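Have a look at the structure below, then the notes.
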There are 2 protein chains.
Amino acid sequence: MSEKITIYDIAKKLNITAATVSRALNNSPKIKESTKQLVLEAASSMNYKQNKLALALKSGRSNNIGVIVPRVDSNFFASVIRGIEEELYPHGYQVIICQTHENPKRENENLYTLIDAQVDGILMSVTAVTNENDDAFQNVLEKNVPLIFFDRSKQINGVSSVTINDFKGGYIVTKQLINQGCRNIAHFSGDQSLEIFKNRFLGYKQALLDSGIPFNEKYVIQSKSSVEAGKNAINILLELETPPDAIFSSSDFAALGAIQELRDRNINIPQEFCVAGFSNEPFTKFMELSITSVDQSPLEMGKMSARVFLEQVGKTDTIKIEKKVVLAPELHIRKSTSRINS
Amino acid sequence: MSEKITIYDIAKKLNITAATVSRALNNSPKIKESTKQLVLEAASSMNYKQNKLALALKSGRSNNIGVIVPRVDSNFFASVIRGIEEELYPHGYQVIICQTHENPKRENENLYTLIDAQVDGILMSVTAVTNENDDAFQNVLEKNVPLIFFDRSKQINGVSSVTINDFKGGYIVTKQLINQGCRNIAHFSGDQSLEIFKNRFLGYKQALLDSGIPFNEKYVIQSKSSVEAGKNAINILLELETPPDAIFSSSDFAALGAIQELRDRNINIPQEFCVAGFSNEPFTKFMELSITSVDQSPLEMGKMSARVFLEQVGKTDTIKIEKKVVLAPELHIRKSTSRINS
DNA sequence: ATTAACTATGTAATCGATTACACGAAAGTA
DNA sequence: TACTTTCGTGTAATCGATTACATAGTTAAT
């Protein structure tokens, strides 16, 4: 077991005080060049490593940032995290991961735990939007810890966010379905208390209206993001008097479920029925019948969130900066909605 | 900005000393019940939160553990991380994420950075196996910080690991190909300086030998884990005098690339050619032509690694525990290797 | 020659919590 | 009554690094 070397050990060896050692290591201009050399050599030969905890306690900055996501094992969130880590790495920040599992209680715990751990900032995607965690958010703001929402945001004064234009995403994907000749377009939505799902829905609705297609409430189904949920949802729709001829699903997984079910019923995609998803999960382009989907550029979103954090950190006590970055969604048109070419 | 409340603030308010407050908060038996009550009430009314940094500095334990992976945006690693986080959450540990991007230099930096940050343990999947990072690993061990390898391991005394039986994985998947009647079975391998790829290859070889099929060196190609690499690799194989009639790929992505290329050439899968992958990526079961693959139970692997860490933490200075957990691989037989049923 | 200014370093407080040791008061024992 | 425990708190050191302030020694300026 190697002893922990501190600046006191170096000081003792050189017959000087720890203060001088500290200053020398920090390259203070008040220290004689020769002393600096001595200290640096001793530090290196004794294999000295600065204790970041002591530094953190003294300075009040831990050089850790917290990232809160519903789950880490989703392609989208994992990519965002990758972006965050890559952008922050050169600046010496470490990334602490927390998962909420869509549970507001966990979100609350995570917020308090991160603050207790003295993180220098929190980047997160909110979970369901209840008001029960308002105190926790307020607590973060009072502590003057930069808080940045990515993807799933929430209206709070003084909080920056990095999102994509979900309205536009819903709009362009619906337009594409309309362009393919679909007129009875259904929508699988997520929990509309979350802005992202609300906005995709509104984009969908607007696209219909702009094209003179009446909006049909029965065509909107709230479903979870899973293959199974997609199957259930399409089965309900196919029972309708006038079944739809297309689906825009807010989840690629639900879109896949719908496709599987349609295929089981020998309904031809895209000729008889078009299906589009959202998120651009890797599998959507791998399928033989590749699936049209809206890309959210998660890597870029992560990097951008990190950059917004870097802008805000340190600028405490000044005017609250509230930056809203909105990235453009990108439609990837694939076979599942390409009647023209098929 | 809310003031930071410390035990000294509480002490002042109650006209006692910080020591008493600390003891009361820690429920020390030496403190009068009535005093405890007073302290607890004051703490709660003043909204006191313990400063974890101070605690960490004093105790030498940060309650953070570091996780080092090549990338976080891979289904496998993300799932492992999920498992680790879930298992450690109830124990109050936070998870710090580092990515190596398969770069030994980054691995080295990450190891030192985590030690500098005083993490209580490091769970990692090693990157390429050179010896250049031996000092970094030794440094971790000297600091008596539990080090646990998962999936990609390395032989170091005193280090525990949680892996799957890759040899068996390679063996059973190859056997499945043989059972389907394939006799010229090729193998896409990864970097064989990594034990996992070496062992899968050895399992493949052994399965051939056990079935009396001669091993053909030309059938083994080292390829990256990507669709493109899979396409390139199969193109080389198809140029051979006796092209193979099956592939066991150490990567699902490369397997997919092979399948796409075979389809372009109108080679029928699985009738004329069988393809199996490794990792059980989500898309393998989503494809219309679902792909046979070997599951590595990443979630379980993560949880198990965390449990091994929990066993070791705290037991410093005692006998080095070197635990080697080997999980069983699970073959998921799908359409890409199912001649009998198709 | 005397004062001012600067240089390099030491002293000691600080960040916030824990804890070994000390001590006065109360209770128990002989 | 006198002596020993026990109880509840206070005192002060500690974890390791930083830094405002103090100070001794030099050099520059008047």
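Here's how to read the names in the structure tokens: chain A, B, ... by the order shown, residue numbers from 1 in each chain, ligand numbers from 1 in the order shown.
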| said: Residues of chain D within 9 Å of chain A, counting only C-alpha atoms (C1' of nucleotides) - could you list those as a list in words? | reply: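 Output check: DC15, DG16, DA17, DT18 and DT19 of chain D.
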Just N, CA, C and O atoms (P, O5', C5', C4', C3', O3' and C1' of nucleotides) for this one: save the residues we selected as a compact mmCIF listing (two decimals), in the first residue's frame.
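The resulting selection18.txt:
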```
# COMPACT_ATOMS: atom_id res chain seq x y z
P DC D 15 -4.14 13.90 9.46
O5' DC D 15 -5.12 13.84 8.19
C5' DC D 15 -6.13 12.85 8.09
C4' DC D 15 -7.10 13.27 7.01
C3' DC D 15 -6.43 14.03 5.87
O3' DC D 15 -6.16 13.13 4.81
C1' DC D 15 -8.48 15.09 6.58
P DG D 16 -4.67 13.21 4.18
O5' DG D 16 -4.67 14.55 3.32
C5' DG D 16 -5.39 14.56 2.11
C4' DG D 16 -5.35 15.95 1.52
C3' DG D 16 -3.95 16.51 1.27
O3' DG D 16 -3.91 16.88 -0.09
C1' DG D 16 -5.30 18.10 2.39
P DA D 17 -2.68 17.55 -0.77
O5' DA D 17 -3.21 19.01 -1.03
C5' DA D 17 -4.38 19.16 -1.83
C4' DA D 17 -4.97 20.53 -1.67
C3' DA D 17 -4.05 21.68 -2.12
O3' DA D 17 -4.68 22.36 -3.19
C1' DA D 17 -5.07 22.13 0.00
P DT D 18 -3.98 23.53 -3.93
O5' DT D 18 -4.57 24.81 -3.19
C5' DT D 18 -5.97 25.02 -3.23
C4' DT D 18 -6.34 26.22 -2.41
C3' DT D 18 -5.67 27.53 -2.81
O3' DT D 18 -6.70 28.49 -2.94
C1' DT D 18 -5.51 27.20 -0.49
P DT D 19 -6.46 29.86 -3.68
O5' DT D 19 -6.20 30.85 -2.46
C5' DT D 19 -7.23 31.07 -1.50
C4' DT D 19 -6.73 32.02 -0.42
C3' DT D 19 -5.84 33.15 -0.95
O3' DT D 19 -6.13 34.32 -0.20
C1' DT D 19 -4.71 31.99 0.71
```
According to DSSP computed on the backbone, where in stretch 168-316 of chain A is there helix (DSSP H, G or I)? Give the residues as a PDB file with C-alpha atoms, in the first residue's frame.
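Printed below is part.pdb as written:
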```pdb
ATOM      1  CA  LYS A 168     -41.469  20.540 -36.725  1.00  0.00           C
ATOM      2  CA  GLY A 169     -40.445  16.906 -36.394  1.00  0.00           C
ATOM      3  CA  GLY A 170     -44.061  15.858 -36.107  1.00  0.00           C
ATOM      4  CA  TYR A 171     -44.963  18.193 -38.905  1.00  0.00           C
ATOM      5  CA  ILE A 172     -42.457  17.048 -41.503  1.00  0.00           C
ATOM      6  CA  VAL A 173     -42.979  13.379 -40.879  1.00  0.00           C
ATOM      7  CA  THR A 174     -46.735  13.782 -41.205  1.00  0.00           C
ATOM      8  CA  LYS A 175     -46.285  15.798 -44.381  1.00  0.00           C
ATOM      9  CA  GLN A 176     -44.235  12.959 -45.786  1.00  0.00           C
ATOM     10  CA  LEU A 177     -47.077  10.537 -45.080  1.00  0.00           C
ATOM     11  CA  ILE A 178     -49.499  12.896 -46.757  1.00  0.00           C
ATOM     12  CA  ASN A 179     -47.197  13.200 -49.725  1.00  0.00           C
ATOM     13  CA  GLU A 195     -43.712  18.741 -23.954  1.00  0.00           C
ATOM     14  CA  ILE A 196     -41.910  16.627 -26.508  1.00  0.00           C
ATOM     15  CA  PHE A 197     -44.905  14.394 -27.054  1.00  0.00           C
ATOM     16  CA  LYS A 198     -47.338  17.255 -26.930  1.00  0.00           C
ATOM     17  CA  ASN A 199     -45.369  19.143 -29.556  1.00  0.00           C
ATOM     18  CA  ARG A 200     -44.975  16.191 -31.888  1.00  0.00           C
ATOM     19  CA  PHE A 201     -48.699  15.715 -31.662  1.00  0.00           C
ATOM     20  CA  LEU A 202     -49.343  19.381 -32.399  1.00  0.00           C
ATOM     21  CA  GLY A 203     -47.001  19.234 -35.383  1.00  0.00           C
ATOM     22  CA  TYR A 204     -48.892  16.209 -36.649  1.00  0.00           C
ATOM     23  CA  LYS A 205     -52.195  17.984 -36.205  1.00  0.00           C
ATOM     24  CA  GLN A 206     -51.012  21.128 -37.943  1.00  0.00           C
ATOM     25  CA  ALA A 207     -49.723  19.187 -40.907  1.00  0.00           C
ATOM     26  CA  LEU A 208     -53.126  17.597 -41.305  1.00  0.00           C
ATOM     27  CA  LEU A 209     -54.905  20.923 -41.115  1.00  0.00           C
ATOM     28  CA  ASP A 210     -52.506  22.566 -43.539  1.00  0.00           C
ATOM     29  CA  GLU A 217     -59.445  12.193 -32.387  1.00  0.00           C
ATOM     30  CA  LYS A 218     -59.895   8.464 -32.622  1.00  0.00           C
ATOM     31  CA  TYR A 219     -56.686   8.194 -34.565  1.00  0.00           C
ATOM     32  CA  VAL A 227     -43.002  -3.247 -29.560  1.00  0.00           C
ATOM     33  CA  GLU A 228     -45.824  -4.772 -27.570  1.00  0.00           C
ATOM     34  CA  ALA A 229     -47.526  -1.425 -27.035  1.00  0.00           C
ATOM     35  CA  GLY A 230     -47.335  -0.759 -30.756  1.00  0.00           C
ATOM     36  CA  LYS A 231     -49.052  -4.038 -31.515  1.00  0.00           C
ATOM     37  CA  ASN A 232     -51.834  -3.313 -29.089  1.00  0.00           C
ATOM     38  CA  ALA A 233     -52.307   0.156 -30.429  1.00  0.00           C
ATOM     39  CA  ILE A 234     -52.588  -0.849 -34.056  1.00  0.00           C
ATOM     40  CA  ASN A 235     -55.027  -3.579 -33.192  1.00  0.00           C
ATOM     41  CA  ILE A 236     -57.323  -1.000 -31.686  1.00  0.00           C
ATOM     42  CA  LEU A 237     -57.031   1.205 -34.771  1.00  0.00           C
ATOM     43  CA  LEU A 238     -57.753  -1.614 -37.175  1.00  0.00           C
ATOM     44  CA  ASP A 252     -39.651   3.666 -33.170  1.00  0.00           C
ATOM     45  CA  PHE A 253     -40.360   0.618 -31.057  1.00  0.00           C
ATOM     46  CA  ALA A 254     -44.097   1.089 -31.241  1.00  0.00           C
ATOM     47  CA  ALA A 255     -43.747   1.683 -34.976  1.00  0.00           C
ATOM     48  CA  LEU A 256     -41.967  -1.639 -35.241  1.00  0.00           C
ATOM     49  CA  GLY A 257     -44.726  -3.352 -33.300  1.00  0.00           C
ATOM     50  CA  ALA A 258     -47.275  -1.925 -35.695  1.00  0.00           C
ATOM     51  CA  ILE A 259     -45.263  -3.123 -38.667  1.00  0.00           C
ATOM     52  CA  GLN A 260     -44.995  -6.622 -37.286  1.00  0.00           C
ATOM     53  CA  GLU A 261     -48.722  -6.764 -36.674  1.00  0.00           C
ATOM     54  CA  LEU A 262     -49.543  -5.373 -40.106  1.00  0.00           C
ATOM     55  CA  ARG A 263     -47.312  -7.925 -41.708  1.00  0.00           C
ATOM     56  CA  ASP A 264     -49.034 -10.703 -39.784  1.00  0.00           C
ATOM     57  CA  PRO A 282     -30.320   2.144 -35.148  1.00  0.00           C
ATOM     58  CA  PHE A 283     -32.617  -0.708 -36.046  1.00  0.00           C
ATOM     59  CA  THR A 284     -34.843   1.519 -38.180  1.00  0.00           C
ATOM     60  CA  LYS A 285     -32.239   1.653 -40.897  1.00  0.00           C
ATOM     61  CA  PHE A 286     -31.107  -1.948 -40.461  1.00  0.00           C
ATOM     62  CA  PRO A 298     -28.513  13.052 -29.683  1.00  0.00           C
ATOM     63  CA  LEU A 299     -24.736  13.336 -29.854  1.00  0.00           C
ATOM     64  CA  GLU A 300     -24.993  16.957 -30.885  1.00  0.00           C
ATOM     65  CA  MET A 301     -27.629  17.536 -28.246  1.00  0.00           C
ATOM     66  CA  GLY A 302     -25.298  16.217 -25.578  1.00  0.00           C
ATOM     67  CA  LYS A 303     -22.403  18.327 -26.752  1.00  0.00           C
ATOM     68  CA  MET A 304     -24.569  21.388 -26.982  1.00  0.00           C
ATOM     69  CA  SER A 305     -25.908  20.886 -23.471  1.00  0.00           C
ATOM     70  CA  ALA A 306     -22.368  20.608 -22.214  1.00  0.00           C
ATOM     71  CA  ARG A 307     -21.422  23.803 -23.976  1.00  0.00           C
ATOM     72  CA  VAL A 308     -24.351  25.661 -22.487  1.00  0.00           C
ATOM     73  CA  PHE A 309     -23.252  24.403 -19.098  1.00  0.00           C
ATOM     74  CA  LEU A 310     -19.704  25.598 -19.658  1.00  0.00           C
ATOM     75  CA  GLU A 311     -20.994  29.033 -20.587  1.00  0.00           C
ATOM     76  CA  GLN A 312     -22.994  29.275 -17.399  1.00  0.00           C
TER      77      GLN A 312
END
```
| query | Could you pull the residues within 12 Å of A:Gln271, counting only C-alpha atoms (C1' of nucleotides), minus those fewer than 4 positions along the same chain, as a VMD selection string? | reply | chain A and resid 177 180 to 182 245 to 246 262 266 to 267 275 335 to 342
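In this model, the gap between atom CA of B:Ser293 and atom CA of B:Ile333 comes to 6.8 Å.
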I need the contact residues of chain A against chain B, so if you could list those with any atom within 7 Å, counting only C-alpha atoms, and return them as a list in words, that would help.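 The answer, sorted by residue number, is Met1, Ser2, Lys49, Gln50, Asn51, Lys52, Leu53, Ala54, Ala56, Leu57, Val72, Asp73, Asn75, Ala78, Ser79, Arg82, Gln94, Val95, Ile96, Ile97, Asp116, Ala117, Glu142, Lys143, Asn144, Phe283, Met287 and Glu288 of chain A.
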Could you dump the residues just selected with C-alpha atoms as a CSV table (one decimal), in the first residue's frame?
```
chain,number,residue,atom,x,y,z
A,1,MET,CA,0.0,0.0,0.0
A,2,SER,CA,1.6,3.2,-1.1
A,49,LYS,CA,-1.0,13.5,-6.5
A,50,GLN,CA,-3.2,16.3,-5.6
A,51,ASN,CA,-6.2,15.3,-3.5
A,52,LYS,CA,-9.2,16.5,-5.4
A,53,LEU,CA,-11.5,16.1,-2.5
A,54,ALA,CA,-9.5,18.6,-0.4
A,56,ALA,CA,-13.2,20.5,-3.8
A,57,LEU,CA,-13.9,21.2,-0.2
A,72,VAL,CA,-29.1,4.9,-19.6
A,73,ASP,CA,-29.7,1.8,-21.8
A,75,ASN,CA,-29.7,4.5,-27.7
A,78,ALA,CA,-26.6,6.9,-24.2
A,79,SER,CA,-25.7,9.0,-27.2
A,82,ARG,CA,-21.6,10.3,-24.9
A,94,GLN,CA,-16.4,14.0,-14.6
A,95,VAL,CA,-19.9,12.8,-15.4
A,96,ILE,CA,-22.1,11.3,-12.7
A,97,ILE,CA,-25.0,9.2,-14.0
A,116,ASP,CA,-25.5,17.0,-1.6
A,117,ALA,CA,-22.5,15.7,-3.6
A,142,GLU,CA,-31.1,28.5,-5.0
A,143,LYS,CA,-27.7,26.7,-4.6
A,144,ASN,CA,-26.8,28.5,-7.8
A,283,PHE,CA,-32.6,-0.7,-36.0
A,287,MET,CA,-34.5,-3.5,-41.2
A,288,GLU,CA,-35.0,-5.0,-44.6
```
Residues of chain C at most 7 Å from chain B: nearest atom pair and distance in Å, only C-alpha atoms (C1' of nucleotides), as JSON lines:
```
{"residue": "C:DG16", "atom": "C1'", "partner": "B:Ala54", "partner_atom": "CA", "distance": 5.0}
{"residue": "C:DA17", "atom": "C1'", "partner": "B:Leu55", "partner_atom": "CA", "distance": 5.6}
{"residue": "C:DT18", "atom": "C1'", "partner": "B:Lys58", "partner_atom": "CA", "distance": 7.0}
```
Would you mind listing what lies within 8 Å of B:Pro329 as a PDB file with all heavy atoms, in the first residue's frame, with only C-alpha atoms (C1' of nucleotides) counted and same-chain residues fewer than 5 positions away left out?
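File selection13.pdb, as written:
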```
ATOM      1  N   ILE B 164     -18.261 -13.467 -19.397  1.00  0.00           N
ATOM      2  CA  ILE B 164     -19.046 -14.631 -19.774  1.00  0.00           C
ATOM      3  C   ILE B 164     -18.071 -15.649 -20.326  1.00  0.00           C
ATOM      4  O   ILE B 164     -16.920 -15.345 -20.637  1.00  0.00           O
ATOM      5  CB  ILE B 164     -20.145 -14.343 -20.826  1.00  0.00           C
ATOM      6  CG1 ILE B 164     -19.529 -13.979 -22.181  1.00  0.00           C
ATOM      7  CG2 ILE B 164     -21.122 -13.300 -20.340  1.00  0.00           C
ATOM      8  CD1 ILE B 164     -20.477 -14.253 -23.317  1.00  0.00           C
ATOM      9  N   ASN B 165     -18.558 -16.856 -20.432  1.00  0.00           N
ATOM     10  CA  ASN B 165     -17.737 -17.922 -20.990  1.00  0.00           C
ATOM     11  C   ASN B 165     -17.751 -17.768 -22.511  1.00  0.00           C
ATOM     12  O   ASN B 165     -18.595 -18.330 -23.200  1.00  0.00           O
ATOM     13  CB  ASN B 165     -18.313 -19.266 -20.563  1.00  0.00           C
ATOM     14  CG  ASN B 165     -17.398 -20.405 -20.917  1.00  0.00           C
ATOM     15  OD1 ASN B 165     -16.616 -20.313 -21.872  1.00  0.00           O
ATOM     16  ND2 ASN B 165     -17.483 -21.479 -20.157  1.00  0.00           N
ATOM     17  N   ASP B 166     -16.806 -16.992 -22.985  1.00  0.00           N
ATOM     18  CA  ASP B 166     -16.779 -16.708 -24.416  1.00  0.00           C
ATOM     19  C   ASP B 166     -16.426 -17.942 -25.237  1.00  0.00           C
ATOM     20  O   ASP B 166     -16.902 -18.113 -26.353  1.00  0.00           O
ATOM     21  CB  ASP B 166     -15.769 -15.588 -24.702  1.00  0.00           C
ATOM     22  CG  ASP B 166     -16.313 -14.227 -24.303  1.00  0.00           C
ATOM     23  OD1 ASP B 166     -17.206 -13.730 -24.999  1.00  0.00           O
ATOM     24  OD2 ASP B 166     -15.849 -13.676 -23.281  1.00  0.00           O
ATOM     25  N   LYS B 168     -17.306 -20.952 -24.579  1.00  0.00           N
ATOM     26  CA  LYS B 168     -18.546 -21.701 -24.728  1.00  0.00           C
ATOM     27  C   LYS B 168     -19.488 -21.012 -25.716  1.00  0.00           C
ATOM     28  O   LYS B 168     -20.146 -21.656 -26.522  1.00  0.00           O
ATOM     29  CB  LYS B 168     -19.226 -21.842 -23.373  1.00  0.00           C
ATOM     30  CG  LYS B 168     -20.418 -22.766 -23.404  1.00  0.00           C
ATOM     31  CD  LYS B 168     -20.971 -23.024 -22.020  1.00  0.00           C
ATOM     32  CE  LYS B 168     -22.260 -23.831 -22.107  1.00  0.00           C
ATOM     33  NZ  LYS B 168     -23.000 -23.795 -20.824  1.00  0.00           N
ATOM     34  N   GLY B 169     -19.508 -19.680 -25.640  1.00  0.00           N
ATOM     35  CA  GLY B 169     -20.350 -18.928 -26.565  1.00  0.00           C
ATOM     36  C   GLY B 169     -19.978 -19.233 -28.002  1.00  0.00           C
ATOM     37  O   GLY B 169     -20.831 -19.530 -28.837  1.00  0.00           O
ATOM     38  N   VAL B 294     -25.540 -14.605 -29.678  1.00  0.00           N
ATOM     39  CA  VAL B 294     -25.247 -15.091 -28.333  1.00  0.00           C
ATOM     40  C   VAL B 294     -25.447 -13.945 -27.346  1.00  0.00           C
ATOM     41  O   VAL B 294     -24.839 -12.883 -27.483  1.00  0.00           O
ATOM     42  CB  VAL B 294     -23.793 -15.601 -28.232  1.00  0.00           C
ATOM     43  CG1 VAL B 294     -23.481 -16.049 -26.810  1.00  0.00           C
ATOM     44  CG2 VAL B 294     -23.561 -16.728 -29.222  1.00  0.00           C
ATOM     45  N   ASP B 295     -26.296 -14.200 -26.383  1.00  0.00           N
ATOM     46  CA  ASP B 295     -26.577 -13.143 -25.401  1.00  0.00           C
ATOM     47  C   ASP B 295     -25.552 -13.176 -24.275  1.00  0.00           C
ATOM     48  O   ASP B 295     -25.140 -14.242 -23.813  1.00  0.00           O
ATOM     49  CB  ASP B 295     -27.971 -13.332 -24.817  1.00  0.00           C
ATOM     50  CG  ASP B 295     -28.369 -12.149 -23.963  1.00  0.00           C
ATOM     51  OD1 ASP B 295     -28.659 -11.089 -24.534  1.00  0.00           O
ATOM     52  OD2 ASP B 295     -28.372 -12.277 -22.722  1.00  0.00           O
ATOM     53  N   GLN B 296     -25.149 -11.965 -23.837  1.00  0.00           N
ATOM     54  CA  GLN B 296     -24.126 -11.867 -22.790  1.00  0.00           C
ATOM     55  C   GLN B 296     -24.709 -11.365 -21.471  1.00  0.00           C
ATOM     56  O   GLN B 296     -23.962 -11.030 -20.554  1.00  0.00           O
ATOM     57  CB  GLN B 296     -23.025 -10.897 -23.238  1.00  0.00           C
ATOM     58  CG  GLN B 296     -22.391 -11.258 -24.556  1.00  0.00           C
ATOM     59  CD  GLN B 296     -21.502 -10.127 -25.058  1.00  0.00           C
ATOM     60  OE1 GLN B 296     -21.976  -9.155 -25.640  1.00  0.00           O
ATOM     61  NE2 GLN B 296     -20.208 -10.245 -24.799  1.00  0.00           N
ATOM     62  N   SER B 297     -26.011 -11.310 -21.403  1.00  0.00           N
ATOM     63  CA  SER B 297     -26.705 -10.781 -20.209  1.00  0.00           C
ATOM     64  C   SER B 297     -25.973  -9.605 -19.577  1.00  0.00           C
ATOM     65  O   SER B 297     -25.492  -9.687 -18.452  1.00  0.00           O
ATOM     66  CB  SER B 297     -26.945 -11.866 -19.159  1.00  0.00           C
ATOM     67  OG  SER B 297     -25.953 -12.845 -19.176  1.00  0.00           O
TER      68      SER B 297
END
```
- Item | Which of stretch 2-164 of chain A fall in strand (DSSP E or B), as number ranges by chain | A: 64-69, 94-99, 122-124, 147-150, 160-164
Go ahead and dump the residues you just picked, C-alpha atoms, as a CSV table (one decimal), in the first residue's frame.
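Saved file part-v3.csv follows:
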```
chain,number,residue,atom,x,y,z
A,64,ASN,CA,-18.3,16.7,-11.2
A,65,ILE,CA,-21.5,17.3,-13.1
A,66,GLY,CA,-24.6,15.2,-12.7
A,67,VAL,CA,-26.6,13.8,-15.6
A,68,ILE,CA,-30.1,12.5,-14.9
A,69,VAL,CA,-31.9,10.4,-17.5
A,94,GLN,CA,-16.4,14.0,-14.6
A,95,VAL,CA,-19.9,12.8,-15.4
A,96,ILE,CA,-22.1,11.3,-12.7
A,97,ILE,CA,-25.0,9.2,-14.0
A,98,CYS,CA,-28.4,8.9,-12.4
A,99,GLN,CA,-31.5,7.1,-13.7
A,122,ILE,CA,-26.9,19.2,-13.5
A,123,LEU,CA,-27.9,18.2,-17.0
A,124,MET,CA,-31.1,16.3,-17.3
A,147,LEU,CA,-29.3,23.4,-14.4
A,148,ILE,CA,-29.8,22.5,-18.1
A,149,PHE,CA,-32.6,20.5,-19.6
A,150,PHE,CA,-32.1,18.5,-22.7
A,160,SER,CA,-31.6,26.8,-20.0
A,161,SER,CA,-32.5,24.0,-22.3
A,162,VAL,CA,-31.4,22.1,-25.4
A,163,THR,CA,-34.2,20.5,-27.3
A,164,ILE,CA,-35.2,19.7,-30.8
```
When you look at D:DT5 with a cut-off of 12 Å (counting only C-alpha atoms (C1' of nucleotides)), what residues show up, excluding the ones that are within fewer than 6 positions of it in the same chain? I need them as an mmCIF file with C-alpha atoms (C1' of nucleotides), in the first residue's frame.
```cif
data_model
loop_
_atom_site.group_PDB
_atom_site.id
_atom_site.type_symbol
_atom_site.label_atom_id
_atom_site.label_comp_id
_atom_site.auth_asym_id
_atom_site.auth_seq_id
_atom_site.Cartn_x
_atom_site.Cartn_y
_atom_site.Cartn_z
ATOM 1 C "C1'" DA C 26 -24.642 13.072 38.499
ATOM 2 C "C1'" DA C 27 -25.293 8.503 40.099
ATOM 3 C "C1'" DG C 28 -23.822 4.304 42.208
ATOM 4 C "C1'" DT C 29 -20.939 1.764 45.605
#
```
Which neighbours of C:DC6 fall inside 10 Å, counting only C-alpha atoms (C1' of nucleotides), when residues of the same chain fewer than 4 positions from it are skipped, and could you give them as a tab-separated table (two decimals) with C-alpha atoms (C1' of nucleotides), in the first residue's frame?
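And here is the file that came out, result36.tsv:
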```tsv
chain	number	residue	atom	x	y	z
D	26	DT	C1'	16.89	42.91	-0.32
D	27	DT	C1'	16.95	46.42	-3.37
D	28	DA	C1'	15.74	50.97	-4.91
```
Skip C:DA8 itself and residues of its chain fewer than 3 positions away, then list as a PDB file with C-alpha atoms, in the first residue's frame all residues within 8 Å of it, counting only C-alpha atoms (C1' of nucleotides).
```pdb
ATOM      1  CA  LYS A  30       5.637  35.031  -5.930  1.00  0.00           C
ATOM      2  CA  ILE A  31       7.770  31.919  -5.703  1.00  0.00           C
ATOM      3  CA  LYS A  32      11.436  31.860  -6.607  1.00  0.00           C
TER       4      LYS A  32
END
```
Interatomic distance, atom CA of A:Gly158 to atom CA of B:Met46 (Å, one decimal) |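 Separation of atom CA of A:Gly158 and atom CA of B:Met46: 24.8 Å.
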- For atom CA of B:Val220 and atom CA of B:Pro243, determine how far apart the two atoms are, in Å to one decimal place.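 Answer for the atom CA of B:Val220 to atom CA of B:Pro243 separation: 12.0 Å.
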